Structures are given as structure tokens and as C-alpha cells.
Amino acid sequence: MSDNILKMLDEKIVKTIEKLRDDLITVRAGRANAAMVDKVVVSYYGAPTPLKQLANISTPDPRTLLIAPFDMNAIADIEKGINEANIGITPSNDGKVIRLAVPQVTEERRKELTKTVKAMGETTKVAIRNLRRTANDDLKKVEKDGEIGEDQLKSGLEDIQKQIDTAVKKVDDLVVAKEKEIMEV
């Protein structure tokens, strides 16, 4: 029974850390990255469509994102979608492709971005600690119902704490790596 609780906890931790990874990718560090436009949704013939499905996205150089639409009629809609996504970059098009010039990030902005990244990390740690509380409560309920003994409860709680410690370490490592990337000039 406690194995099921540990397994569920592990799955939830993995999802939580993946969410943090996805969020960290969207924080731009002055370098062009196709993931910067992952959350851009374009109104394509009236239907909200992810940009990835409408265009080929590439990075010809470290400061430029090149968006080549599959359908040239959608170029204005894609441009509008990028503006509405509020990613902080103004698109320019030459009729065939859209270019996003990623501006150099100032020192002050870099510091703001590191604060944002730390806040994302803290939010994720809080979520992980909430998972710990839920798992501990589930384990205590199983013990109260008489399905496991006191010793199994104690070792189960220790196992849960080990999982949480490992997850928090992963979050810290992700945050430190992103901060290092942001502060790189």
C-alpha cells in the first residue's frame, strides 16, 4: 500500500518538475530559442492554433528567430498572434517569413529575470511540499486503517522525505542553471 503512495508521489513530482522546466524555457535570456514562442496561439481561420502547427521555427543566429509559415496567407495572423502573446519582441515580416530580433538583455533586466526564476523555483518547492503533506496524510490514514504497522509508517515517512529532498535538489539545480544562463553575457 505504501508503495502505491510513493509511486503516485513520484509521478506527481515528475509532473511538477516538468512544469517548472517548461516555464523556465519561456524565460528569455537574451538568446533566441524556438521555445520562446511555444505558448503563442494564432487565430487561424477562426480557430485558435499553436504557432508550431502553422510554421517552421528556426534560429539562424543567436539573436534571431525565423518563422516560416506553411501557408503564406496566415502571415498576418501569425504576426498578430505574436503581438498578442506579449513576449516582448516585435515581429517584422518581409512577406515570406517573420523575423523576431531578440534584444540584448540589460544587467538590470537580467537581475529581474533571476528574481522571476527564483520565484518560479520557490512556487515549485511549495507545490512539492504540498505533495509531501498529502502523501504523509495518505500514509497515516493507511496506518490508522490498520493496513500497515507503525514501523512501516515510520519507514514510509522517511522514504517520502527522501523523495522530497531529491525533488527539491532538482528544482534548485534547474533554477541555478537558468540563473547562470541568464547572467551569461
# chains A, B, ... in the order shown; residues from 1 in each chain; ligands from 1
$ select_by_dssp --residues "segment 84-185 of chain A" --states "strand (DSSP E)" --output "MDAnalysis selection string"
chainID A and resid 91:93 98:101
$ closest_residue --among "A:Val171, A:Arg110, A:Ile5, A:Ile17" --to "Lys140 of chain A" --atoms "only C-alpha atoms"
A:Ile5
$ atom_distance --atom1 "atom CA of Glu181 of chain A" --atom2 "atom CA of Ile98 of chain A"
26.1 Å
$ select_by_dssp --residues "segment 18-176 of chain A" --states "helix (DSSP H, G or I)" --output "ChimeraX atom specification"
/A:18-26,34-37,51-53,72-85,107-144,150-176
$ residues_around --residues "Met8 of chain A" --least-positions-apart "5" --cutoff "12 Å" --atoms "only C-alpha atoms" --output "PyMOL selection string"
chain A and resi 1-3+13-15+131-132+134-135+138-139+160+163
$ closest_residue --among "A:Glu147, A:Glu18, A:Asp23, A:Asp77" --to "Thr49 of chain A" --atoms "only C-alpha atoms"
A:Asp77
$ closest_residue --among "A:Thr26, A:Asn56, A:Gln161, A:Asn33" --to "Ile87 of chain A" --atoms "only C-alpha atoms"
A:Thr26
$ closest_atom_pairs --of "segment 102-136 of chain A" --to "segment 175-180 of chain A" --cutoff "12 Å" --atoms "only C-alpha atoms" --output "Markdown table"
| residue | atom | partner | partner_atom | distance |
| --- | --- | --- | --- | --- |
| A:Arg110 | CA | A:Glu179 | CA | 8.7 |
| A:Lys111 | CA | A:Glu179 | CA | 9.0 |
| A:Glu112 | CA | A:Glu179 | CA | 10.6 |
| A:Leu113 | CA | A:Glu179 | CA | 8.1 |
| A:Thr114 | CA | A:Glu179 | CA | 5.5 |
| A:Lys115 | CA | A:Glu179 | CA | 8.9 |
| A:Thr116 | CA | A:Glu179 | CA | 9.7 |
| A:Val117 | CA | A:Val175 | CA | 6.3 |
| A:Lys118 | CA | A:Val175 | CA | 6.4 |
| A:Ala119 | CA | A:Val175 | CA | 9.4 |
| A:Met120 | CA | A:Val175 | CA | 8.3 |
| A:Gly121 | CA | A:Val175 | CA | 6.2 |
| A:Glu122 | CA | A:Val175 | CA | 9.5 |
| A:Thr123 | CA | A:Val175 | CA | 11.6 |
| A:Thr124 | CA | A:Val175 | CA | 10.5 |
| A:Lys125 | CA | A:Val175 | CA | 11.1 |
$ residues_around --residues "Ile89 of chain A" --least-positions-apart "4" --cutoff "12 Å" --atoms "only C-alpha atoms" --output "count of residues only"
22
